[in-house]
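As structure tokens, the structure follows; a few thoughts come after it.
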Amino acid sequence: MEAIFCQHYSEMIRLAKTLLYANEEAEDTVQDVFVRLMERDILPAEDKVRAYLMAAVRNGCVNRIRQKSMAQRVKSLYSVEAETDLQFFEERMDAVDAVCDYADSQLAEPHRTLFRLRFEEGLTLKEIAQQQHMNLKTVFKYLSQSVQVIREYYRH
């Protein structure tokens with residue numbers, strides 16, 4: 001893993017910066033890729049490592065861009081006066097509130113705190129790890145578990 005990191009990190013960062021135009025977000029995206037690789041404990045075939053890593057970075061960047069776009073769309077709904085748009089916004093906010101209420105009532109510590117820091121306060125994994133004095137991989141593991149619990153609840 002260390003060799004893969006050393007060999008591909010700079011190229012992955014370059015791609016992420018090109019797509020995101022933000023150094024910190026680019027670093028977070030690349031770190032997320034390596035955290036997922038370590039957590040799953042799988043590596044692609046040697047001849048496909050570069051392609052796999054670059055696709056993972058691209059997908060991570062696209063997800064970040066989509067999140068930003070969604071946030072911008074939600075902000076723009078405040079100025080829209082059409083009844084259907086306001087109703088859609090209220091329904092979405094109710095759904096978000098329901099997820100947060102479920103997280104508060106069903107997640108144990110430190111899952112609850114990490115979930116709030118990430119999804120309500122919008123902190124990056126790195127910021128959460130620093131604030132909570134935890135390893136980045138541990139923060140990711142707890143958040144992954146929390147999201148899985150919430151997904152399972154809403155699937156049923």
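Simple scheme: letters A, B, ... for chains in structure tokens order, numbers from 1 for residues in each chain, numbers from 1 for ligands in the order shown.
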Sel. of alpha helix (DSSP H) residues, chain A, as a VMD selection string: chain A and resid 2 to 20 23 to 40 49 to 77 83 to 106 111 to 119 125 to 132 136 to 155
Selection: 10 Å around Leu37 (chain A), only C-alpha atoms, excl. self and same-chain fewer than 6 positions, as a PyMOL selection string: chain A and resi 1+31+43-44+53
Of the listed residues A:Asn59, A:Ile150, A:Leu123, A:Glu39, that which approaches Cys100 (chain A) most closely, counting only C-alpha atoms: A:Ile150
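Note that CA of Cys61 (chain A) and CA of Asp41 (chain A) are 22.2 Å apart.
Candidate residues A:Val62, A:Val35, A:Met12, A:Ile4 were compared for distance to Val139 (chain A), and the nearest is A:Val35, using only C-alpha atoms.
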Selected residue, from A:Val57, A:Met134, A:Ile42, A:Val149, that lies nearest to Tyr9 (chain A) when counting only C-alpha atoms: A:Val57
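Residues in contact with Val30 (chain A) at up to 7 Å, not including ones fewer than 3 positions away on its chain and judged by only C-alpha atoms, are Met12, Ile13, Ala26, Glu27, Val33, Phe34 and Val57 of chain A.
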Nearest-residue call for Val96 (chain A), choices A:Lys17, A:Asp32, A:Phe119, A:Ala51, using only C-alpha atoms: A:Phe119
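Neighbours of Tyr154 (chain A) closer than or equal to 12 Å, with only C-alpha atoms counted and sequence neighbours fewer than 3 positions away skipped, come out as A:Ala95, A:Ala98, A:Val99, A:Tyr102, A:Ala103, A:Val147, A:Gln148, A:Val149, A:Ile150, A:Arg151.
You will find CA of Glu109 (chain A) at 23.5 Å from CA of Arg40 (chain A).
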